[in-house]
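What follows is a set of notes on a single structure, which appears directly below.
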Amino acid sequence: MPKITRDQVKVPADVLADVRETYVDNYMKATRGTGRLMLFACDQKVEHLNKDFYGEGIDIADAEPEHLFKIGDQGVCGVLAGQRGLIAQYAADYPNINYLVKMNSKTNLVKTAQEDPYSPQLYDLDAVLAMRENGVNIVGLGYTIYLGSEYESTMLAEAGELIAAAHANGLLVVLWIYPRGKAVTAEKDPDLIAGAAGVALCLGADFVKVNPPKPEGDDKRTPAEALKIASMAAGRTGLVCAGGSTVDAETFLTQLHDQIHVGGADGNATGRNIHQRSLDEAVRLTKAISAITLADYTVADALKVFNGEADFAWED
Amino acid sequence: MPKITRDQVKVPADVLADVRETYVDNYMKATRGTGRLMLFACDQKVEHLNKDFYGEGIDIADAEPEHLFKIGDQGVCGVLAGQRGLIAQYAADYPNINYLVKMNSKTNLVKTAQEDPYSPQLYDLDAVLAMRENGVNIVGLGYTIYLGSEYESTMLAEAGELIAAAHANGLLVVLWIYPRGKAVTAEKDPDLIAGAAGVALCLGADFVKVNPPKPEGDDKRTPAEALKIASMAAGRTGLVCAGGSTVDAETFLTQLHDQIHVGGADGNATGRNIHQRSLDEAVRLTKAISAITLADYTVADALKVFNGEADFAWED
Amino acid sequence: MPKITRDQVKVPADVLADVRETYVDNYMKATRGTGRLMLFACDQKVEHLNKDFYGEGIDIADAEPEHLFKIGDQGVCGVLAGQRGLIAQYAADYPNINYLVKMNSKTNLVKTAQEDPYSPQLYDLDAVLAMRENGVNIVGLGYTIYLGSEYESTMLAEAGELIAAAHANGLLVVLWIYPRGKAVTAEKDPDLIAGAAGVALCLGADFVKVNPPKPEGDDKRTPAEALKIASMAAGRTGLVCAGGSTVDAETFLTQLHDQIHVGGADGNATGRNIHQRSLDEAVRLTKAISAITLADYTVADALKVFNGEADFAWED
Amino acid sequence: MPKITRDQVKVPADVLADVRETYVDNYMKATRGTGRLMLFACDQKVEHLNKDFYGEGIDIADAEPEHLFKIGDQGVCGVLAGQRGLIAQYAADYPNINYLVKMNSKTNLVKTAQEDPYSPQLYDLDAVLAMRENGVNIVGLGYTIYLGSEYESTMLAEAGELIAAAHANGLLVVLWIYPRGKAVTAEKDPDLIAGAAGVALCLGADFVKVNPPKPEGDDKRTPAEALKIASMAAGRTGLVCAGGSTVDAETFLTQLHDQIHVGGADGNATGRNIHQRSLDEAVRLTKAISAITLADYTVADALKVFNGEADFAWED
Amino acid sequence: MPKITRDQVKVPADVLADVRETYVDNYMKATRGTGRLMLFACDQKVEHLNKDFYGEGIDIADAEPEHLFKIGDQGVCGVLAGQRGLIAQYAADYPNINYLVKMNSKTNLVKTAQEDPYSPQLYDLDAVLAMRENGVNIVGLGYTIYLGSEYESTMLAEAGELIAAAHANGLLVVLWIYPRGKAVTAEKDPDLIAGAAGVALCLGADFVKVNPPKPEGDDKRTPAEALKIASMAAGRTGLVCAGGSTVDAETFLTQLHDQIHVGGADGNATGRNIHQRSLDEAVRLTKAISAITLADYTVADALKVFNGEADFAWED
């Protein structure tokens, strides 16, 4: 994928004139000048509590939250996504990372059978803007919507409001959209994933993070083929897939390559697959992912990066 | 229907003096100088998710959201209605369309049996006004009320507030009012549809979109005859009917003609019937609809437009 | 009843000094200079949907909302009460009517068995004040409280806030108070009606509209005798009775005369009994009602007015 | 009890410097210069509807709300507590009464078995301050909390916010705290009453009104002995007991004397026992109560005042 | 533990430049110049009502709330944590105590089986800042989150907002995080406690107070070993353990020593163990606790302080 120029950025009409250059700056930073997004997801300490960070099969380095920032600093990422407070505690020591502030979060303690999911907005935008003003390199916001939850309405409204306000301040917005709730029987149904992509567009998001669709029964498409419809439904909103639980690197990189080149994805959003590894291995994985996402590497060439047989550096 | 002059526009008393001319401008734009409204409904990517845009019987062009804007641009419409974010992503490339921002939306995942419908307001008016200030040609707002829902009160209140604020800023408001909820056994009962029309008037809407009434049992009136009572109940609020699912063009245009000339409707609000077709066919259908709505064509003459045997252009 | 002078108006202590004259103006207008209120209730298009305006036994003129304004214009009324939007659509053509803006409303679709009633406030006071500023002759506000509903608390709070704000802006407030909800077994119990009157006083209302009490069992008082206790409980808040469904004029006028002269009522609040008649008959009924309310006519003399054997005009 | 000086008033640290003198003024007025509070409770027209004001055993004078103000004017009280609207309607004619505005209220229609109690705040503080500015002699606010209700959280929050705001404006706050709700099996349990007193302190109230504790079973303490623990738990918040339903004067005055001299109470809060009597008798009872509360009379001497054998006047 | 210098304080990035010195001042005061926190918890008069302050095994001195302030004044503590109102009533007489205002509280009347816990915010930050401005030595805020409650979302949001606002005003924040609700079966599960610690970090808290974890079944770690994982998960947020119900001093001090030296805790938060004792004994216990927390005393040496065989004083 060739780099894009600033003029090629499609600036939404709700980015006001006085912050147009800021928006373009942030877009170019987050996509490392390519229009594609490599998002390192570090918001799971609330979502999954400590079980994603400590236990069998997880490198002990991951028990210390600073691990995330070391990876973000030494690896090649587009943005590091985390809650405002997490970023506030470490950003002064890691000033070069592009931060994306996750605006809402919930724990996994209350299950859907007890109550449909709602992820509350944890702070207002002013608090984020004050941090930016105070020198933190914040390029955008994230927000999760559980489509089909009985609390869908609150999340749609908070997201809709947030995107307008973010664009008015030159920030990008990435929506995480997951169909979930008592009304949802198949969370990865291809039609539903495509629907989620369309909702993100209607709300005006810059990117949407969805789970990869899972065709079942008579639907003989590959996941990536099904994803293509979702990418189309997303229109000018870039679509990226969640990385899911940790798998071996080759499987992971192959999926990612298909998502982009068959499924029309505009990047990826990966958490556990990266941070559950040792610092060195995690850093190499971010580079392999970015090699595919930003520079159109083949899977084989990206695996060489992951295996340390080749390095991957990236100048915006 | 002859064109109207600016002096003939009945300006509501909550349109403040300093925006009176803006309101009249918007009214004339939206009704193309006739007092009748041809509304192209493009808000369904949230309401119906992706199933209205991709699948059997739907032209593949509809899978790409930009399809909607191409139709709006090349066809003859009064307004294109869509969510704020959707409009923000494409408006810069389609500056001549009259936009109507749909202020609330919900998905169809949670059914009424589980929970009565509530469609949340997705952004405040300031966000819309900022886009207008930023150059987007916004002429009005839309809002859906589910009358008879347990959440009716919230929607009535949001709509009531919104209309006051919209008029104070020179914008039109179209209400979508659908009786729906566990308390509603016949959503298209003529009395109920007339009731919905009266509610729109009491809230001060400029237009109300309702489903065509469906007389049943002893009620031997045609739908259009029953509609006439609703049109009367709407008073100075113009009444338009929803287009519903896709039917053949002749049936569709005949219904529309009856709604206007028997039922007293002041236009139409059509979505799927238009956008599920190929670009060329969709454009021709908008022209056929507008021929009836704006220029009092017969059904036969309008069909010629749809069939490409005659063109229909319209200067405001 | 002799006319009162401006000095005789008991101005509540929350009417601030700078709007004192405005309040007295509005009080004198609404009561036509008598201290008694003849309220023409036109808010039922939401409350009762279209069934009060179209159907058997209702003059066809009532199907058109403008009917209400014609009656208000040609008859003799204190105030015409309707929702903000309804008034906004017609006020410019009927500038001499005294308007009372009904601030909340609900439909009758969801029954108490399903959910206790809540009538939401539909717009804020600023929207009403802007209309007044824009030239509409608004003299006061109305608000309905369902006492004993599980949502009583929200309505008490909205009403309490509204009265303070209305008085601070020189506007009158009329509360409609109806005991209703699963906890209420006898909505017209005399003690309960008297209780409702006391609540209106504690909230600081200028007038309260209640249903006429209905003594039952051992309570051998006439309705008007029972009403007297409610009038006492209302203290300085004037009490008026709702007119109820349409009855013949003599019955109606006799009840009204008793309510005032036995029951201590300070006027009446009548809707269906007026607007379901033809324009001419409705106008005559407003005059007959006002003859009793404002000028202490006997029932016989008022009937002559209704029958067109005598005219009734009123100069404030 | 000797009078106190202005310097002896313990001014809470949230009374800002610029309103310190106003707070001390109000404290001295409300306690008539003694630090003890005689509160005349007139907020029951909402709480108990009309049954406390009209019926068997109640003097007919009580049916007219102005009765309350006549008592407050001619008797000896610290403050007259009533809703904002009630005070607004009469205050201009009774300017010398010290008013305490009851900020929340509910009716007794919905029982705890149906729904736990919540008493909504009926107006904001600004509305009260505007009345003070307009000349009404308002010295403080009242607010009721139902501890143990499922809505406890809302009431705790409203009260907590209100006290901060009241002190910032130099006003006193009296909390009414009643344990009530499905979780509360013994509303007058001594531990619970003491707990209520402690909650009032933690919220920063100046006085707390509780029901007298009722020791049961193995607890052989008198009510007044049990009350002493509650008074201690209240710390610097003065504790007063609710008067309850009407009893004979001697019983009433003896209880009051014990509450103060054994139980450590700082006054009393009495409603029905006063207003259900004729004006003359009610006035004499306020004087007898104040003789005990403000001037440390014996029960016998106070009874003489009640019986008209001695007068009691009080200069602050 | 050696003292730290001002330069060693890790100031979060949401502490704006103009309050950076204030934040460092407060951090140094609260931790008495060590980075470790000795928190004296005095917020239980709401949480536990009066049962923690009066009854068998509790010194009678504890029945008077001023007891808490005498201990805070004469003992050695980092901060005294209590509700805003409690502090407001006594702070003028105890000006040297470092106050931490507990922002939310609930009673224990409604049990989890009836309703999941929610602890409401009782006042806004402005009320606290006004008290600080008025001379009260406030160094920080406290807030309780019940993780896993159905109301978790509201508490997460209130806490998230509060931390941003507190830091923007130079105040510290301590979160109390307790997993509790119908979804939580083991409130002291080590993974869950570690999860709670991580949540505090993501919200940006300066310290988090958790219950000591309780390893069960196959988990053979000591509580302090299990606590180490939680301390790691807390990252730059300091972790302290709640003291729990009163135990003998040696047991208590040994636990504390282990929590710090094995479990990686950064201090302690103790209430009942201190205030249920007589003033003299309570003062000695605060000194023994501080000897371990601030000065790395052995348990034996700290016991000497508690037994009065040695004194412990501390200069910041």
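Within each chain, counting starts at residue 1; across the structure tokens, chains are named A, B, ... in the order shown, with ligands numbered 1 upward in that order.
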
Give the residues of chain B that lie within 10 Å of chain C; count only C-alpha atoms, and format the answer as a ChimeraX atom specification.
/B:10-17,147-150,152-165,167-168,179-184,190-206,229-237

May I have chain D as a short mmCIF file (atom, residue, chain, number, x, y, z; two decimals) with C-alpha atoms, in the first residue's frame, after a least-squares superposition on chain E that uses all C-alpha atoms paired in order?
```
data_model
loop_
_atom_site.label_atom_id
_atom_site.label_comp_id
_atom_site.auth_asym_id
_atom_site.auth_seq_id
_atom_site.Cartn_x
_atom_site.Cartn_y
_atom_site.Cartn_z
CA MET D 1 11.54 3.14 53.79
CA PRO D 2 13.55 6.27 53.17
CA LYS D 3 11.72 9.48 52.59
CA ILE D 4 11.25 10.57 49.03
CA THR D 5 11.94 13.93 47.49
CA ARG D 6 9.39 16.06 45.67
CA ASP D 7 11.11 15.22 42.38
CA GLN D 8 10.49 11.55 42.91
CA VAL D 9 6.73 11.96 42.89
CA LYS D 10 5.32 10.54 39.64
CA VAL D 11 2.84 13.21 38.70
CA PRO D 12 0.09 11.89 36.39
CA ALA D 13 -0.31 13.63 33.05
CA ASP D 14 -3.80 14.87 33.90
CA VAL D 15 -2.44 17.06 36.68
CA LEU D 16 -2.33 20.31 34.80
CA ALA D 17 0.76 22.48 34.95
CA ASP D 18 -0.74 25.19 37.14
CA VAL D 19 -1.63 22.78 39.95
CA ARG D 20 1.43 20.54 39.73
CA GLU D 21 2.97 21.98 42.90
CA THR D 22 -0.34 21.67 44.75
CA TYR D 23 -0.56 18.03 43.76
CA VAL D 24 2.98 17.36 44.95
CA ASP D 25 2.22 19.20 48.21
CA ASN D 26 -0.83 17.03 48.75
CA TYR D 27 0.99 13.86 47.84
CA MET D 28 3.78 14.65 50.28
CA LYS D 29 1.31 15.55 53.04
CA ALA D 30 -0.85 12.46 52.57
CA THR D 31 2.13 10.12 52.49
CA ARG D 32 4.02 12.10 55.12
CA GLY D 33 6.87 12.42 52.68
CA THR D 34 7.29 8.69 52.06
CA GLY D 35 5.09 7.65 49.13
CA ARG D 36 3.22 5.36 51.54
CA LEU D 37 -0.29 6.07 52.77
CA MET D 38 -1.65 5.66 56.31
CA LEU D 39 -5.39 6.29 55.89
CA PHE D 40 -7.64 6.57 58.95
CA ALA D 41 -11.09 5.52 57.69
CA CYS D 42 -13.86 7.52 59.40
CA ASP D 43 -16.63 7.17 56.84
CA GLN D 44 -18.43 4.27 58.50
CA LYS D 45 -21.18 6.18 60.32
CA VAL D 46 -23.04 6.00 57.03
CA GLU D 47 -21.75 2.66 55.78
CA HIS D 48 -22.34 0.74 59.03
CA LEU D 49 -24.71 3.16 60.78
CA ASN D 50 -24.16 3.29 64.54
CA LYS D 51 -23.27 -0.34 65.22
CA ASP D 52 -19.56 0.21 64.64
CA PHE D 53 -19.56 3.04 67.15
CA TYR D 54 -21.65 1.86 70.06
CA GLY D 55 -22.16 -1.56 71.63
CA GLU D 56 -20.38 -4.44 73.23
CA GLY D 57 -16.61 -4.41 72.86
CA ILE D 58 -16.55 -0.78 71.73
CA ASP D 59 -15.20 1.92 74.00
CA ILE D 60 -17.96 4.37 74.94
CA ALA D 61 -15.79 7.23 73.72
CA ASP D 62 -16.56 6.08 70.19
CA ALA D 63 -20.23 6.99 70.59
CA GLU D 64 -19.27 10.65 70.22
CA PRO D 65 -18.12 11.50 66.68
CA GLU D 66 -15.57 13.99 67.95
CA HIS D 67 -13.56 10.95 69.11
CA LEU D 68 -12.45 10.47 65.50
CA PHE D 69 -11.03 13.94 65.27
CA LYS D 70 -9.23 13.69 68.57
CA ILE D 71 -7.49 10.54 67.34
CA GLY D 72 -6.64 12.16 64.05
CA ASP D 73 -5.22 15.14 65.88
CA GLN D 74 -3.18 13.39 68.54
CA GLY D 75 -2.12 10.26 66.62
CA VAL D 76 0.10 9.88 63.57
CA CYS D 77 -1.93 9.48 60.39
CA GLY D 78 -1.56 10.30 56.74
CA VAL D 79 -5.15 11.32 56.12
CA LEU D 80 -8.46 11.20 57.94
CA ALA D 81 -11.14 10.07 55.48
CA GLY D 82 -14.73 11.13 56.10
CA GLN D 83 -17.78 12.57 54.41
CA ARG D 84 -17.80 16.25 53.52
CA GLY D 85 -20.42 17.14 56.14
CA LEU D 86 -18.65 15.38 58.97
CA ILE D 87 -15.44 17.21 58.18
CA ALA D 88 -17.28 20.51 57.83
CA GLN D 89 -18.67 20.24 61.35
CA TYR D 90 -15.31 19.70 63.10
CA ALA D 91 -12.51 20.90 60.82
CA ALA D 92 -12.34 24.40 62.27
CA ASP D 93 -11.33 22.91 65.61
CA TYR D 94 -8.87 20.40 64.14
CA PRO D 95 -7.07 22.38 61.47
CA ASN D 96 -3.88 20.31 61.31
CA ILE D 97 -5.41 17.05 60.14
CA ASN D 98 -4.99 16.13 56.45
CA TYR D 99 -8.52 15.51 55.24
CA LEU D 100 -9.61 13.18 52.47
CA VAL D 101 -13.25 13.75 51.53
CA LYS D 102 -15.18 10.56 50.90
CA MET D 103 -17.42 11.45 47.98
CA ASN D 104 -19.93 8.61 48.10
CA SER D 105 -21.55 6.42 50.74
CA LYS D 106 -24.49 4.10 51.32
CA THR D 107 -26.01 2.40 54.33
CA ASN D 108 -26.02 -1.36 54.86
CA LEU D 109 -29.81 -1.63 55.15
CA VAL D 110 -30.63 -2.90 51.68
CA LYS D 111 -28.81 -6.20 51.23
CA THR D 112 -27.37 -7.49 47.98
CA ALA D 113 -30.02 -10.21 47.80
CA GLN D 114 -32.64 -7.44 47.49
CA GLU D 115 -30.67 -5.12 45.25
CA ASP D 116 -27.10 -4.86 44.03
CA PRO D 117 -25.11 -2.15 45.81
CA TYR D 118 -24.79 1.40 44.56
CA SER D 119 -23.06 4.08 46.54
CA PRO D 120 -24.14 7.53 45.33
CA GLN D 121 -21.92 10.56 45.01
CA LEU D 122 -23.18 12.87 47.73
CA TYR D 123 -21.98 16.27 46.55
CA ASP D 124 -20.04 17.64 43.65
CA LEU D 125 -16.41 18.57 43.61
CA ASP D 126 -17.15 22.29 43.67
CA ALA D 127 -18.55 21.95 47.18
CA VAL D 128 -15.29 20.36 48.28
CA LEU D 129 -13.13 22.94 46.55
CA ALA D 130 -15.11 25.71 48.22
CA MET D 131 -14.28 24.19 51.62
CA ARG D 132 -10.62 24.00 50.69
CA GLU D 133 -10.79 27.62 49.61
CA ASN D 134 -12.42 28.37 52.97
CA GLY D 135 -9.35 27.06 54.76
CA VAL D 136 -9.96 23.36 55.34
CA ASN D 137 -6.83 21.27 54.79
CA ILE D 138 -8.21 18.91 52.15
CA VAL D 139 -5.61 16.86 50.29
CA GLY D 140 -7.70 14.38 48.39
CA LEU D 141 -10.92 12.53 47.64
CA GLY D 142 -12.21 9.02 48.16
CA TYR D 143 -14.79 7.05 46.16
CA THR D 144 -16.12 3.49 46.50
CA ILE D 145 -16.81 1.22 43.52
CA TYR D 146 -18.67 -2.08 43.87
CA LEU D 147 -17.27 -4.01 40.93
CA GLY D 148 -19.68 -6.60 39.58
CA SER D 149 -22.75 -4.78 40.86
CA GLU D 150 -25.50 -4.11 38.35
CA TYR D 151 -24.75 -0.45 39.12
CA GLU D 152 -21.03 -0.84 38.43
CA SER D 153 -21.41 1.34 35.35
CA THR D 154 -22.61 4.37 37.28
CA MET D 155 -19.85 4.07 39.84
CA LEU D 156 -17.15 3.57 37.22
CA ALA D 157 -18.38 6.65 35.41
CA GLU D 158 -18.61 8.81 38.53
CA ALA D 159 -15.15 7.71 39.62
CA GLY D 160 -13.65 8.24 36.19
CA GLU D 161 -15.04 11.74 35.98
CA LEU D 162 -14.02 12.55 39.54
CA ILE D 163 -10.39 11.53 39.14
CA ALA D 164 -9.97 13.72 36.09
CA ALA D 165 -11.52 16.67 37.93
CA ALA D 166 -9.58 16.04 41.14
CA HIS D 167 -6.24 15.89 39.36
CA ALA D 168 -7.12 19.03 37.44
CA ASN D 169 -7.43 20.68 40.85
CA GLY D 170 -4.31 19.18 42.41
CA LEU D 171 -6.11 16.68 44.65
CA LEU D 172 -5.25 13.00 45.16
CA VAL D 173 -7.86 10.27 44.72
CA VAL D 174 -8.14 7.03 46.66
CA LEU D 175 -10.55 4.45 45.27
CA TRP D 176 -12.16 1.87 47.54
CA ILE D 177 -12.90 -1.08 45.19
CA TYR D 178 -14.92 -4.02 46.45
CA PRO D 179 -16.29 -6.73 44.15
CA ARG D 180 -19.90 -7.17 45.32
CA GLY D 181 -23.26 -8.04 43.81
CA LYS D 182 -25.33 -11.01 42.80
CA ALA D 183 -22.77 -11.85 40.12
CA VAL D 184 -19.90 -12.05 42.61
CA THR D 185 -19.56 -15.34 44.45
CA ALA D 186 -16.14 -14.85 46.07
CA GLU D 187 -15.47 -11.25 47.01
CA LYS D 188 -11.87 -11.90 48.07
CA ASP D 189 -10.82 -14.14 45.19
CA PRO D 190 -7.18 -13.21 44.42
CA ASP D 191 -7.79 -12.80 40.67
CA LEU D 192 -10.67 -10.51 41.40
CA ILE D 193 -8.70 -8.40 43.87
CA ALA D 194 -5.95 -8.08 41.29
CA GLY D 195 -8.59 -7.14 38.74
CA ALA D 196 -9.87 -4.44 41.06
CA ALA D 197 -6.37 -3.06 41.37
CA GLY D 198 -6.05 -2.90 37.61
CA VAL D 199 -9.35 -1.07 37.28
CA ALA D 200 -8.12 1.58 39.70
CA LEU D 201 -5.06 2.11 37.55
CA CYS D 202 -7.10 2.41 34.36
CA LEU D 203 -9.25 5.05 36.02
CA GLY D 204 -6.08 6.90 37.06
CA ALA D 205 -6.40 6.66 40.85
CA ASP D 206 -3.43 7.53 43.04
CA PHE D 207 -4.22 4.82 45.56
CA VAL D 208 -6.63 1.91 45.68
CA LYS D 209 -8.02 0.33 48.84
CA VAL D 210 -8.91 -3.34 48.46
CA ASN D 211 -9.74 -6.17 50.79
CA PRO D 212 -6.81 -8.55 51.38
CA PRO D 213 -7.16 -11.51 48.97
CA LYS D 214 -8.07 -14.89 50.40
CA PRO D 215 -6.54 -17.81 48.46
CA GLU D 216 -8.70 -20.91 48.70
CA GLY D 217 -8.75 -24.54 47.58
CA ASP D 218 -5.73 -25.44 45.46
CA ASP D 219 -4.27 -22.00 45.79
CA LYS D 220 -1.69 -22.50 48.53
CA ARG D 221 -0.24 -18.98 48.50
CA THR D 222 -0.38 -16.87 51.64
CA PRO D 223 -2.65 -13.85 51.45
CA ALA D 224 0.39 -11.62 51.19
CA GLU D 225 1.83 -13.63 48.30
CA ALA D 226 -1.46 -13.38 46.47
CA LEU D 227 -1.54 -9.67 47.22
CA LYS D 228 1.74 -9.24 45.37
CA ILE D 229 0.02 -9.96 42.04
CA ALA D 230 -2.59 -7.32 42.83
CA SER D 231 0.14 -4.82 43.67
CA MET D 232 1.74 -5.51 40.32
CA ALA D 233 -1.59 -5.13 38.52
CA ALA D 234 -2.04 -1.76 40.20
CA GLY D 235 1.05 -0.46 38.41
CA ARG D 236 1.71 3.14 39.43
CA THR D 237 -1.45 3.26 41.54
CA GLY D 238 -0.47 2.57 45.15
CA LEU D 239 -2.34 -0.34 46.75
CA VAL D 240 -3.47 -0.41 50.38
CA CYS D 241 -5.53 -2.99 52.23
CA ALA D 242 -8.64 -2.43 54.30
CA GLY D 243 -8.16 -3.17 57.98
CA GLY D 244 -11.39 -5.07 58.58
CA SER D 245 -13.02 -5.73 61.92
CA THR D 246 -11.17 -5.30 65.19
CA VAL D 247 -8.50 -7.89 66.04
CA ASP D 248 -5.67 -7.87 68.58
CA ALA D 249 -2.86 -5.48 67.85
CA GLU D 250 -0.13 -8.03 67.24
CA THR D 251 -2.15 -9.91 64.65
CA PHE D 252 -3.08 -6.65 63.02
CA LEU D 253 0.45 -5.29 62.86
CA THR D 254 1.89 -8.57 61.59
CA GLN D 255 -0.63 -8.65 58.74
CA LEU D 256 0.23 -5.08 57.86
CA HIS D 257 3.96 -5.80 57.84
CA ASP D 258 3.43 -8.75 55.51
CA GLN D 259 1.16 -6.78 53.21
CA ILE D 260 3.88 -4.20 52.73
CA HIS D 261 6.99 -6.35 52.68
CA VAL D 262 5.65 -9.47 50.97
CA GLY D 263 2.54 -8.18 49.23
CA GLY D 264 3.98 -4.98 47.87
CA ALA D 265 1.33 -2.82 49.50
CA ASP D 266 1.93 0.92 49.76
CA GLY D 267 0.32 1.45 53.13
CA ASN D 268 -2.94 0.70 54.91
CA ALA D 269 -6.48 1.97 55.43
CA THR D 270 -7.75 1.32 58.93
CA GLY D 271 -10.97 2.31 60.68
CA ARG D 272 -12.65 0.17 63.31
CA ASN D 273 -9.39 -1.29 64.59
CA ILE D 274 -8.47 2.24 65.62
CA HIS D 275 -11.63 4.13 66.60
CA GLN D 276 -13.33 1.40 68.63
CA ARG D 277 -10.61 1.77 71.25
CA SER D 278 -10.24 4.43 73.93
CA LEU D 279 -8.58 7.64 72.85
CA ASP D 280 -5.23 6.78 74.38
CA GLU D 281 -5.10 3.27 72.97
CA ALA D 282 -6.31 4.43 69.57
CA VAL D 283 -3.63 7.11 69.42
CA ARG D 284 -0.94 4.55 70.25
CA LEU D 285 -2.24 2.21 67.55
CA THR D 286 -2.03 4.93 64.88
CA LYS D 287 1.56 5.45 65.90
CA ALA D 288 2.38 1.74 65.73
CA ILE D 289 0.77 1.48 62.31
CA SER D 290 2.62 4.53 61.07
CA ALA D 291 5.89 3.19 62.47
CA ILE D 292 5.55 0.20 60.14
CA THR D 293 4.10 2.10 57.21
CA LEU D 294 6.21 5.21 57.20
CA ALA D 295 9.40 4.11 58.93
CA ASP D 296 9.77 0.39 58.18
CA TYR D 297 9.64 -0.66 61.84
CA THR D 298 9.62 -4.36 62.67
CA VAL D 299 6.46 -5.78 64.16
CA ALA D 300 8.19 -6.12 67.54
CA ASP D 301 9.29 -2.50 67.58
CA ALA D 302 5.87 -1.33 66.47
CA LEU D 303 4.25 -3.34 69.27
CA LYS D 304 6.43 -1.46 71.74
CA VAL D 305 4.96 1.76 70.40
CA PHE D 306 1.45 0.36 70.75
CA ASN D 307 2.18 -0.79 74.28
CA GLY D 308 3.48 2.63 75.23
CA GLU D 309 7.01 1.36 75.75
CA ALA D 310 8.29 3.66 73.04
CA ASP D 311 6.92 6.74 71.39
CA PHE D 312 6.69 7.34 67.66
CA ALA D 313 6.69 10.82 66.24
CA TRP D 314 7.06 11.77 62.62
CA GLU D 315 8.19 14.93 60.91
CA ASP D 316 7.27 15.11 57.25
#
```

Pull the strand (DSSP E) assignments for stretch 72-297 of chain C out of DSSP run on the backbone, and list those residues as a PyMOL selection string.
chain C and resi 79-83+99-102+138-147+172-179+207-210+238-242+267-270
